[in-house]
$ cat entry_0.txt   # compact mmCIF, C-alpha atoms
# COMPACT_ATOMS: atom_id res chain seq x y z
CA MET D 78 -12.74 -2.69 16.18
CA SER D 79 -12.16 -2.10 12.47
CA HIS D 80 -14.62 0.73 11.96
CA LEU D 81 -15.92 3.69 13.90
CA HIS D 82 -17.23 7.18 13.40
CA VAL D 83 -14.80 10.06 13.65
CA ASP D 84 -16.83 11.41 16.61
CA GLU D 85 -16.12 8.16 18.49
CA LEU D 86 -12.35 8.65 18.33
CA GLU D 87 -10.49 9.57 21.49
CA ARG D 88 -10.35 13.35 22.08
CA ILE D 89 -6.96 14.51 23.28
CA GLU D 90 -6.87 18.20 24.13
CA LEU D 91 -3.39 19.52 23.59
CA PRO D 92 -1.70 22.45 25.32
CA ASP D 93 -1.73 24.51 22.10
CA GLY D 94 -5.53 24.52 22.17
CA PHE D 95 -6.49 22.03 19.45
CA VAL D 96 -7.91 18.52 19.80
CA TRP D 97 -6.12 15.49 18.37
CA ARG D 98 -8.30 12.59 17.22
CA PRO D 99 -5.83 9.73 16.73
CA ILE D 100 -6.86 7.62 13.74
CA ARG D 101 -3.53 5.93 12.90
CA ARG D 102 -2.94 5.00 16.50
CA HIS D 103 -6.51 3.73 16.98
CA PHE D 104 -6.25 1.27 14.10
CA ASP D 105 -2.48 0.77 14.47
CA ILE D 106 -2.01 1.71 10.82
CA ARG D 107 1.64 1.19 9.86
CA ALA D 108 1.66 2.12 6.18
CA PHE D 109 0.83 5.84 6.30
CA GLY D 110 0.07 8.76 8.57
CA VAL D 111 -3.55 9.76 9.13
CA ASN D 112 -5.24 11.68 11.93
CA ALA D 113 -8.18 13.97 12.53
CA TYR D 114 -8.33 17.26 14.37
CA SER D 115 -11.08 19.34 15.90
CA ALA D 116 -11.14 22.61 17.81
CA LEU D 117 -12.14 23.48 21.35
CA GLU D 118 -14.16 26.45 20.09
CA VAL D 119 -15.08 28.35 16.94
CA GLY D 120 -12.11 30.52 16.00
CA GLY D 121 -9.74 28.28 17.92
CA PRO D 122 -6.82 26.34 16.42
CA ILE D 123 -7.64 23.10 14.63
CA VAL D 124 -4.30 22.51 12.86
CA GLU D 125 -1.17 23.48 14.76
CA THR D 126 0.97 26.08 12.98
CA HIS D 127 4.06 24.18 11.86
CA THR D 128 6.29 23.14 9.00
CA GLU D 129 7.24 19.62 7.96
CA ASP D 130 10.94 20.50 7.61
CA GLN D 131 11.98 17.90 10.14
CA LEU D 132 9.90 14.97 8.83
CA GLY D 133 9.87 15.90 5.13
CA HIS D 134 6.22 14.92 4.83
CA GLU D 135 3.86 15.82 2.02
CA GLU D 136 0.53 16.60 3.67
CA ILE D 137 -3.12 16.74 2.72
CA TYR D 138 -5.64 18.45 4.99
CA PHE D 139 -9.18 17.49 4.06
CA VAL D 140 -12.17 19.23 5.65
CA LEU D 141 -14.48 16.41 6.61
CA ARG D 142 -17.12 18.57 8.32
CA GLY D 143 -17.69 22.30 8.78
CA ARG D 144 -15.26 24.96 7.61
CA ALA D 145 -11.69 25.84 8.51
CA LEU D 146 -9.58 28.90 7.81
CA PHE D 147 -6.15 27.71 6.65
CA THR D 148 -3.05 29.85 6.54
CA VAL D 149 -0.45 28.37 4.20
CA ASP D 150 2.77 30.22 3.44
CA GLY D 151 1.13 33.38 4.77
CA ASN D 152 -1.98 33.10 2.56
CA GLU D 153 -5.44 32.60 4.03
CA HIS D 154 -7.94 30.18 2.47
CA GLU D 155 -11.33 29.23 3.90
CA LEU D 156 -12.08 25.61 3.06
CA ALA D 157 -15.48 23.93 3.43
CA ALA D 158 -16.35 20.24 3.77
CA GLY D 159 -15.22 18.39 0.65
CA GLN D 160 -12.25 20.68 0.03
CA LEU D 161 -8.61 19.93 0.72
CA VAL D 162 -5.25 21.59 0.68
CA PHE D 163 -2.29 19.54 -0.55
CA ILE D 164 1.04 20.89 0.71
CA SER D 165 3.88 19.31 -1.22
CA ASP D 166 6.59 21.65 0.07
CA PRO D 167 7.56 20.61 3.62
CA SER D 168 9.09 24.02 4.34
CA LEU D 169 5.80 25.92 4.04
CA LYS D 170 4.28 27.05 7.31
CA ARG D 171 0.71 25.81 7.67
CA GLY D 172 -2.02 26.04 10.30
CA ALA D 173 -5.80 26.43 10.58
CA THR D 174 -8.60 27.63 12.82
CA ALA D 175 -12.17 26.34 12.97
CA VAL D 176 -14.84 28.51 11.35
CA ASP D 177 -17.87 26.36 12.24
CA GLU D 178 -18.87 24.50 15.37
CA GLY D 179 -18.02 20.81 15.00
CA THR D 180 -15.46 21.25 12.23
CA VAL D 181 -13.29 18.16 11.66
CA VAL D 182 -10.13 18.13 9.52
CA LEU D 183 -8.44 14.95 8.33
CA ALA D 184 -4.65 15.08 8.02
CA LEU D 185 -2.89 12.58 5.76
CA GLY D 186 0.84 12.55 5.29
CA GLY D 187 4.07 10.73 4.61
CA LYS D 188 7.57 11.15 3.20
CA PRO D 189 7.83 10.35 -0.51
CA GLY D 190 10.11 7.44 -1.33
CA HIS D 191 10.33 6.20 2.26
CA PRO D 192 8.48 3.51 4.22
CA HIS D 193 6.20 5.17 6.75
CA GLU D 194 7.62 5.63 10.24
CA VAL D 195 5.28 6.36 13.10
CA SER D 196 6.01 9.94 14.14
CA ALA D 197 7.44 10.31 17.64
CA TRP D 198 5.09 13.20 18.40
CA GLU D 199 2.17 10.76 18.46
CA ALA D 200 3.41 9.18 21.70
CA MET D 201 4.05 12.61 23.21
CA PHE D 202 0.49 13.70 22.32
CA ALA D 203 -0.96 10.38 23.52
CA ALA D 204 0.72 10.82 26.91
CA VAL D 205 -0.79 14.27 27.52
CA PRO D 206 -3.99 13.07 29.28
CA ALA D 207 -1.99 10.83 31.63
CA ALA D 208 0.45 13.66 32.37
CA ASN D 209 -2.44 16.08 33.00
CA ARG D 210 -3.85 13.79 35.68
CA GLU D 211 -0.29 13.13 36.94
CA ASP D 212 -0.55 9.42 36.12
CA TRP D 213 3.19 9.18 35.60
CA PRO D 214 3.37 5.36 35.27
CA GLU D 215 0.95 5.54 32.31
CA ALA D 216 2.74 8.50 30.72
CA ILE D 217 6.04 6.64 31.10
CA ARG D 218 4.54 3.45 29.66
CA ILE D 219 3.40 5.27 26.50
CA HIS D 220 6.88 6.73 25.97
CA VAL D 221 8.66 3.43 26.64
CA GLU D 222 6.37 1.71 24.13
CA ALA D 223 7.27 4.31 21.47
CA LEU D 224 10.98 4.09 22.30
CA ALA D 225 10.92 0.34 21.68
CA GLU D 226 10.48 1.26 18.00
CA ARG D 227 12.62 4.43 18.01
CA PRO D 228 15.26 3.82 20.73
CA ASP D 229 17.48 6.72 19.71
CA HIS D 230 14.88 9.43 19.32
CA PRO D 231 16.17 12.38 21.39
CA ALA D 232 12.82 14.12 21.87
CA LEU D 233 11.17 10.90 23.06
CA LEU D 234 14.05 10.25 25.47
CA TYR D 235 13.85 13.81 26.76
CA ASN D 236 10.08 13.61 27.28
CA LEU D 237 10.44 10.24 28.98
CA ALA D 238 12.99 11.82 31.32
CA CYS D 239 10.49 14.59 32.09
CA MET D 240 7.80 12.05 33.04
CA GLU D 241 10.25 10.02 35.12
CA ALA D 242 11.47 13.11 36.97
CA ARG D 243 7.88 14.07 37.77
CA GLY D 244 7.07 10.49 38.75
CA GLY D 245 9.95 10.19 41.21
CA ARG D 246 12.08 7.87 39.10
CA HIS D 247 15.07 10.18 39.36
CA LEU D 248 17.84 7.79 38.33
CA ASP D 249 15.94 6.70 35.20
CA ALA D 250 15.27 10.37 34.41
CA LEU D 251 18.96 11.25 34.63
CA LEU D 252 19.96 8.30 32.45
CA HIS D 253 17.42 9.09 29.73
CA LEU D 254 18.19 12.80 29.82
CA GLU D 255 21.90 12.03 29.50
CA ARG D 256 21.15 9.84 26.46
CA ALA D 257 18.97 12.54 24.86
CA VAL D 258 21.72 15.13 25.32
CA ALA D 259 24.36 12.76 23.93
CA LEU D 260 22.24 12.35 20.79
CA ASP D 261 21.43 16.05 20.48
CA PRO D 262 23.15 18.61 22.77
CA LYS D 263 20.34 21.17 22.38
CA TRP D 264 18.32 19.22 24.96
CA ALA D 265 20.81 20.21 27.70
CA GLU D 266 19.83 23.84 27.17
CA TYR D 267 16.11 23.00 27.28
CA ALA D 268 16.61 20.96 30.44
CA GLN D 269 18.09 23.97 32.24
CA ARG D 270 14.78 25.84 31.93
CA ASP D 271 12.36 22.91 32.18
CA SER D 272 10.31 22.85 35.38
CA ASP D 273 9.76 19.09 34.96
CA PHE D 274 13.33 18.64 36.15
CA ALA D 275 13.04 20.70 39.33
CA ALA D 276 13.44 17.61 41.48
CA ILE D 277 16.67 16.43 39.83
CA ARG D 278 18.39 19.65 38.78
CA SER D 279 20.79 19.53 41.71
CA GLU D 280 21.60 15.84 41.22
CA PRO D 281 25.13 14.91 40.09
CA GLY D 282 25.05 14.10 36.38
CA PHE D 283 22.34 16.63 35.52
CA PRO D 284 23.49 18.26 32.27
CA MET C 149 4.35 25.81 -8.47
CA SER C 150 3.62 27.43 -5.12
CA GLY C 151 4.20 24.28 -3.08
CA TYR C 152 0.54 23.89 -2.22
CA GLU C 153 -2.76 23.49 -3.96
CA ILE C 154 -6.42 23.66 -2.99
CA VAL C 155 -8.81 21.19 -4.57
CA SER C 156 -12.48 20.36 -4.09
CA LEU C 157 -13.89 16.89 -4.56
CA ASP C 158 -16.32 18.55 -6.96
CA ASP C 159 -13.39 19.62 -9.19
CA LEU C 160 -12.02 16.11 -9.67
CA ASP C 161 -12.60 14.07 -12.84
CA ARG C 162 -15.26 11.35 -12.66
CA LEU C 163 -13.87 8.29 -14.42
CA ARG C 164 -16.42 5.53 -14.98
CA SER C 165 -15.12 1.98 -15.34
CA THR C 166 -15.78 0.25 -18.66
CA ASP C 167 -18.37 -2.02 -17.06
CA GLY C 168 -20.13 1.09 -15.79
CA ARG C 169 -20.19 -0.06 -12.16
CA MET C 170 -17.56 2.19 -10.59
CA VAL C 171 -16.70 5.91 -10.68
CA MET C 172 -13.19 6.89 -9.62
CA LEU C 173 -12.07 10.38 -8.58
CA PRO C 174 -8.31 10.11 -9.30
CA LEU C 175 -7.05 12.14 -6.36
CA ARG C 176 -3.45 10.90 -6.02
CA ARG C 177 -2.86 11.27 -9.72
CA ARG C 178 -4.47 14.72 -9.85
CA LEU C 179 -2.34 16.03 -6.99
CA GLY C 180 0.87 14.16 -7.72
CA PHE C 181 0.75 12.94 -4.12
CA GLN C 182 3.61 10.50 -3.57
CA PRO C 183 3.67 8.99 -0.06
CA PHE C 184 0.82 6.48 -0.45
CA GLY C 185 -2.16 5.54 -2.58
CA LEU C 186 -5.16 7.86 -2.30
CA ASN C 187 -8.28 7.94 -4.42
CA ALA C 188 -12.00 8.53 -3.99
CA TRP C 189 -14.93 6.56 -5.35
CA GLU C 190 -18.41 7.90 -5.98
CA GLY C 191 -21.79 6.27 -6.12
CA THR C 192 -23.79 8.52 -8.38
CA GLN C 193 -26.99 6.59 -7.54
CA ALA C 194 -28.11 4.71 -4.46
CA GLY C 195 -27.09 1.08 -4.93
CA ASP C 196 -23.93 1.88 -6.93
CA GLN C 197 -20.81 0.05 -5.90
CA VAL C 198 -18.23 2.40 -4.34
CA ILE C 199 -15.67 -0.21 -3.25
CA GLU C 200 -15.50 -3.40 -5.26
CA ARG C 201 -15.22 -6.68 -3.37
CA HIS C 202 -11.54 -7.48 -3.05
CA ARG C 203 -8.62 -8.25 -0.79
CA GLU C 204 -5.12 -6.78 -0.98
CA LEU C 205 -3.24 -10.07 -0.65
CA GLN C 206 -1.11 -9.57 -3.74
CA ASN C 207 0.33 -6.15 -2.89
CA GLY C 208 -0.08 -6.41 0.89
CA HIS C 209 -1.71 -2.98 1.24
CA GLU C 210 -3.54 -2.04 4.41
CA GLU C 211 -6.33 0.37 3.58
CA LEU C 212 -8.37 3.02 5.33
CA TYR C 213 -11.71 4.09 3.88
CA VAL C 214 -13.35 7.33 4.95
CA VAL C 215 -16.95 8.10 4.02
CA VAL C 216 -16.67 11.78 3.16
CA ARG C 217 -20.13 12.33 1.66
CA GLY C 218 -23.41 10.39 1.91
CA THR C 219 -23.76 6.93 3.41
CA ALA C 220 -22.32 3.59 2.28
CA ARG C 221 -23.08 0.02 3.30
CA PHE C 222 -19.80 -1.78 3.95
CA THR C 223 -19.05 -5.44 4.27
CA LEU C 224 -15.76 -6.10 6.01
CA GLY C 225 -15.00 -9.78 6.47
CA ASP C 226 -18.22 -11.27 7.91
CA GLU C 227 -19.63 -7.96 9.16
CA THR C 228 -22.03 -5.69 7.25
CA PHE C 229 -22.76 -2.20 8.55
CA ASP C 230 -24.03 1.19 7.41
CA ALA C 231 -21.40 3.93 7.36
CA PRO C 232 -22.58 7.56 7.36
CA THR C 233 -20.33 10.50 6.53
CA GLY C 234 -17.41 10.55 8.95
CA THR C 235 -17.09 6.77 9.26
CA LEU C 236 -13.58 5.30 9.17
CA VAL C 237 -13.09 1.69 8.04
CA HIS C 238 -9.73 -0.07 8.37
CA ALA C 239 -9.08 -3.16 6.25
CA PRO C 240 -5.99 -5.36 6.68
CA PRO C 241 -4.65 -6.94 3.46
CA ASP C 242 -6.26 -10.35 3.98
CA THR C 243 -9.80 -9.15 4.71
CA PHE C 244 -12.46 -9.04 2.00
CA ARG C 245 -14.13 -5.64 1.79
CA GLU C 246 -16.79 -4.01 -0.39
CA ALA C 247 -19.21 -1.12 -0.18
CA THR C 248 -22.27 0.23 -1.97
CA ALA C 249 -23.78 3.70 -1.82
CA LEU C 250 -27.01 4.07 0.11
CA GLU C 251 -27.48 7.63 -1.15
CA ALA C 252 -26.85 9.27 -4.51
CA GLY C 253 -23.57 11.21 -4.41
CA THR C 254 -21.89 9.10 -1.73
CA ILE C 255 -18.10 9.46 -1.84
CA VAL C 256 -15.58 7.22 -0.11
CA LEU C 257 -11.92 8.19 0.23
CA ALA C 258 -9.52 5.21 0.03
CA ALA C 259 -5.94 5.40 1.34
CA GLY C 260 -3.57 2.46 1.09
CA ALA C 261 0.02 1.27 1.13
CA LYS C 262 2.15 -1.62 2.34
CA ALA C 263 3.65 -1.25 5.79
CA GLY C 264 7.44 -1.17 5.80
CA GLU C 265 7.82 -0.33 2.13
CA ALA C 266 8.21 2.91 0.22
CA PHE C 267 5.11 3.48 -1.88
CA THR C 268 5.28 3.36 -5.65
CA PRO C 269 2.14 3.89 -7.71
CA ARG C 270 0.78 0.73 -9.33
CA GLY C 271 -0.10 0.43 -12.98
CA TRP C 272 -3.77 -0.32 -12.24
CA GLU C 273 -4.47 3.39 -11.80
CA GLU C 274 -3.25 4.27 -15.28
CA PHE C 275 -4.97 1.22 -16.80
CA TYR C 276 -8.22 2.19 -15.11
CA VAL C 277 -7.85 5.78 -16.32
CA ALA C 278 -6.95 4.63 -19.85
CA PHE C 279 -10.01 2.40 -20.21
CA ALA C 280 -12.31 4.98 -18.62
CA LEU C 281 -11.09 7.74 -20.94
CA LEU C 282 -11.40 5.48 -23.97
CA ALA C 283 -14.99 4.65 -23.02
CA ALA C 284 -15.67 8.35 -22.45
CA GLY C 285 -14.50 9.20 -25.96
CA SER C 286 -11.07 10.66 -25.21
CA PRO C 287 -8.76 8.26 -27.09
CA VAL C 288 -5.69 10.53 -27.15
CA GLU C 289 -5.62 11.03 -23.37
CA ALA C 290 -6.52 7.36 -22.94
CA ARG C 291 -3.55 6.25 -25.03
CA ALA C 292 -1.20 8.51 -23.05
CA SER C 293 -2.35 6.88 -19.80
CA MET C 294 -1.93 3.40 -21.31
CA ALA C 295 1.64 4.29 -22.32
CA GLU C 296 2.36 5.45 -18.74
CA ALA C 297 1.02 2.19 -17.36
CA LEU C 298 3.06 0.05 -19.73
CA ALA C 299 6.21 2.02 -18.99
CA ARG C 300 5.73 1.40 -15.27
CA ASP C 301 6.04 -2.37 -15.57
CA PRO C 302 6.87 -3.39 -19.15
CA ASP C 303 7.77 -6.98 -18.27
CA ALA C 304 4.45 -7.96 -16.70
CA TRP C 305 2.05 -10.00 -18.85
CA GLN C 306 -0.84 -8.15 -17.23
CA GLY C 307 0.22 -4.86 -18.80
CA GLN C 308 0.62 -6.38 -22.26
CA TYR C 309 -2.75 -8.12 -21.91
CA ASN C 310 -4.46 -4.89 -20.79
CA ALA C 311 -2.91 -3.14 -23.78
CA ALA C 312 -4.32 -5.85 -26.04
CA CYS C 313 -7.79 -5.30 -24.58
CA PHE C 314 -7.39 -1.53 -24.92
CA GLU C 315 -6.41 -1.73 -28.59
CA ALA C 316 -9.18 -4.23 -29.34
CA LEU C 317 -11.73 -1.84 -27.81
CA ALA C 318 -10.16 1.02 -29.77
CA GLY C 319 -10.58 -0.97 -33.00
CA GLU C 320 -6.83 -1.33 -33.55
CA THR C 321 -6.80 -5.03 -34.33
CA ASP C 322 -3.16 -5.32 -35.46
CA ALA C 323 -1.88 -3.60 -32.33
CA ALA C 324 -4.19 -5.68 -30.12
CA LEU C 325 -2.92 -8.94 -31.61
CA ALA C 326 0.68 -7.82 -31.22
CA TYR C 327 0.20 -7.08 -27.51
CA LEU C 328 -1.69 -10.32 -27.01
CA ALA C 329 1.16 -12.24 -28.59
CA VAL C 330 3.63 -10.69 -26.13
CA ALA C 331 1.34 -11.43 -23.18
CA LEU C 332 0.97 -15.07 -24.28
CA ALA C 333 4.71 -15.41 -24.69
CA LYS C 334 5.18 -14.22 -21.11
CA ASP C 335 2.44 -16.47 -19.72
CA PRO C 336 0.60 -19.05 -21.85
CA THR C 337 -2.29 -19.23 -19.34
CA VAL C 338 -3.32 -15.80 -20.67
CA ALA C 339 -5.23 -17.79 -23.34
CA GLU C 340 -7.77 -18.79 -20.67
CA HIS C 341 -8.42 -15.15 -19.75
CA ALA C 342 -8.64 -14.20 -23.39
CA ALA C 343 -11.25 -16.85 -24.18
CA ALA C 344 -13.71 -15.33 -21.69
CA ASP C 345 -12.87 -11.65 -22.10
CA GLU C 346 -15.50 -9.53 -23.83
CA ASP C 347 -12.93 -6.79 -24.42
CA LEU C 348 -11.31 -9.06 -27.01
CA ALA C 349 -14.55 -9.94 -28.83
CA SER C 350 -13.57 -7.93 -31.90
CA LEU C 351 -10.50 -10.14 -32.41
CA ARG C 352 -12.17 -13.52 -32.37
CA ASP C 353 -13.08 -13.64 -36.06
CA ASP C 354 -9.53 -12.85 -37.07
CA PRO C 355 -7.65 -16.04 -38.04
CA ARG C 356 -4.51 -14.65 -36.41
CA TYR C 357 -6.31 -14.71 -33.03
CA ALA C 358 -7.14 -18.42 -33.37
CA GLU C 359 -3.54 -19.09 -34.30
CA LEU C 360 -2.27 -17.22 -31.24
CA VAL C 361 -4.43 -18.89 -28.60
CA LYS C 362 -4.54 -22.44 -29.98
$ encode --input "entry_0.txt" --output "structure tokens"
Amino acid sequence: MSHLHVDELERIELPDGFVWRPIRRHFDIRAFGVNAYSALEVGGPIVETHTEDQLGHEEIYFVLRGRALFTVDGNEHELAAGQLVFISDPSLKRGATAVDEGTVVLALGGKPGHPHEVSAWEAMFAAVPAANREDWPEAIRIHVEALAERPDHPALLYNLACMEARGGRHLDALLHLERAVALDPKWAEYAQRDSDFAAIRSEPGFP
Amino acid sequence: MSGYEIVSLDDLDRLRSTDGRMVMLPLRRRLGFQPFGLNAWEGTQAGDQVIERHRELQNGHEELYVVVRGTARFTLGDETFDAPTGTLVHAPPDTFREATALEAGTIVLAAGAKAGEAFTPRGWEEFYVAFALLAAGSPVEARASMAEALARDPDAWQGQYNAACFEALAGETDAALAYLAVALAKDPTVAEHAAADEDLASLRDDPRYAELVK
């Protein structure tokens, strides 16, 4: 389907308390990043507090409906429908909470001078509902699909290993965790504390 | 430069096309946003066109339209539908699309780029801005935008031809003929466009024009 209303988009409630409405993924847009966000409740988070240091994205947050209280680089700004904040500096911390019931914020972003790459976090977010209902085959499928495009993405490999460990695919989990750690050793430290790996922590080869 | 900026749609310039049918809110240009194309289009009256009928075959852009105010009637391929505020419309490059406002003040956001390629702004934005500013009585700003557009792709006949139209509309006949001569040298079929183009009407009584297009 090539058109729909923002309220018809999938609602994916994320552990940090905001709701991801996947636009890019719905239409399989490949040329740029675009998503919508809503909140679980008035006063709750609607844009996760983060920087774009890792991805180097310029971002625009556009209030499509309602009002949102943005905090950018420590400064608070209440934006109403029809207003936007353009954040050109990836290092600035940004986040927002919903002021009105039903507030929707559009997020548009990309890295200047580079072809758009689908962000790995999209697959991790998309797998949350399957993981919540412990549908490990589906959560694994979503990660494997993303890895087909980004085979050496350490965070994707690590998350895939988490899902495989929870789903009883212990050998696959060890192999993918080993690959994630080889690409970025910090994941070994995370794995030590991660309850997802309880079932394989005593296995030979666990980092 | 604080690294961020807050803007309202109401703060953006309204640039009306020379034929009066379209009103652009030049968002990407206003912000200096670089990753992909982003503009908004306003229908000041019900029935105004907000997205002109076109495809994106030449530049291969996929586009997403978001109705951010009012309601628009879209045609996408063979389908026609009403799109209230909050509607998202995705158009692949080879699909015809167009939209008209059903309410005064309808605004549609348009984002676009080619998958797999780094985005670079196209000259059409500056050309559009140049003609709109000229029509609005701001010739100095208009000329600056025309210079930007020409600098972006100086070898294309389209730019030279647009400059000819611009100068003809501005009453600068000598400059218009000079640009037209360059455009014709780059592509002789430009003469066919010129023959039907009202923008060049002021040149047609000049014997140098007849000499150029013969």
$ residues_around --input "entry_0.txt" --residues "stretch 273-275 of chain C" --least-positions-apart "6" --cutoff "6 Å" --atoms "all atoms listed in the file" --output "list in words"
Ser293, Met294 and Ala297 of chain C
$ closest_residue --input "entry_0.txt" --among "C:His238, C:Glu210, C:Val277, C:Glu153" --to "D:His103" --atoms "all atoms listed in the file"
C:His238
$ residues_around --input "entry_0.txt" --residues "stretch 203-216 of chain D" --least-positions-apart "3" --cutoff "12 Å" --atoms "all atoms listed in the file" --output "PyMOL selection string"
chain D and resi 87-93+96-103+196-200+219-223+233+236-246+273
$ interface_residues --input "entry_0.txt" --of "chain C" --to "chain D" --cutoff "6 Å" --atoms "only C-alpha atoms" --output "PyMOL selection string"
chain C and resi 151-157+182-183+234-238+261-266
$ write_last_selection --input "entry_0.txt" --atoms "C-alpha atoms" --output "PDB file, in the coordinates of the input"
ATOM      1  CA  GLY C 151       4.200  24.280  -3.080  1.00  0.00           C
ATOM      2  CA  TYR C 152       0.540  23.890  -2.220  1.00  0.00           C
ATOM      3  CA  GLU C 153      -2.760  23.490  -3.960  1.00  0.00           C
ATOM      4  CA  ILE C 154      -6.420  23.660  -2.990  1.00  0.00           C
ATOM      5  CA  VAL C 155      -8.810  21.190  -4.570  1.00  0.00           C
ATOM      6  CA  SER C 156     -12.480  20.360  -4.090  1.00  0.00           C
ATOM      7  CA  LEU C 157     -13.890  16.890  -4.560  1.00  0.00           C
ATOM      8  CA  GLN C 182       3.610  10.500  -3.570  1.00  0.00           C
ATOM      9  CA  PRO C 183       3.670   8.990  -0.060  1.00  0.00           C
ATOM     10  CA  GLY C 234     -17.410  10.550   8.950  1.00  0.00           C
ATOM     11  CA  THR C 235     -17.090   6.770   9.260  1.00  0.00           C
ATOM     12  CA  LEU C 236     -13.580   5.300   9.170  1.00  0.00           C
ATOM     13  CA  VAL C 237     -13.090   1.690   8.040  1.00  0.00           C
ATOM     14  CA  HIS C 238      -9.730  -0.070   8.370  1.00  0.00           C
ATOM     15  CA  ALA C 261       0.020   1.270   1.130  1.00  0.00           C
ATOM     16  CA  LYS C 262       2.150  -1.620   2.340  1.00  0.00           C
ATOM     17  CA  ALA C 263       3.650  -1.250   5.790  1.00  0.00           C
ATOM     18  CA  GLY C 264       7.440  -1.170   5.800  1.00  0.00           C
ATOM     19  CA  GLU C 265       7.820  -0.330   2.130  1.00  0.00           C
ATOM     20  CA  ALA C 266       8.210   2.910   0.220  1.00  0.00           C
TER      21      ALA C 266
END
$ closest_residue --input "entry_0.txt" --among "C:Gly208, C:Thr254, C:Phe184, C:Thr166" --to "C:Glu346" --atoms "all atoms listed in the file"
C:Thr166
$ residues_around --input "entry_0.txt" --residues "stretch 241-253 of chain C" --least-positions-apart "6" --cutoff "9 Å" --atoms "all atoms listed in the file" --output "number ranges by chain"
C: 190-211, 217-226, 230, 262
$ atom_distance --input "entry_0.txt" --atom1 "atom CA of C:Ala188" --atom2 "atom CA of C:Val256"
5.4 Å
$ atom_distance --input "entry_0.txt" --atom1 "atom CA of C:Asp347" --atom2 "atom CA of C:Glu296"
20.4 Å
$ atom_distance --input "entry_0.txt" --atom1 "atom CA of C:Gln308" --atom2 "atom CA of C:Ala333"
10.2 Å
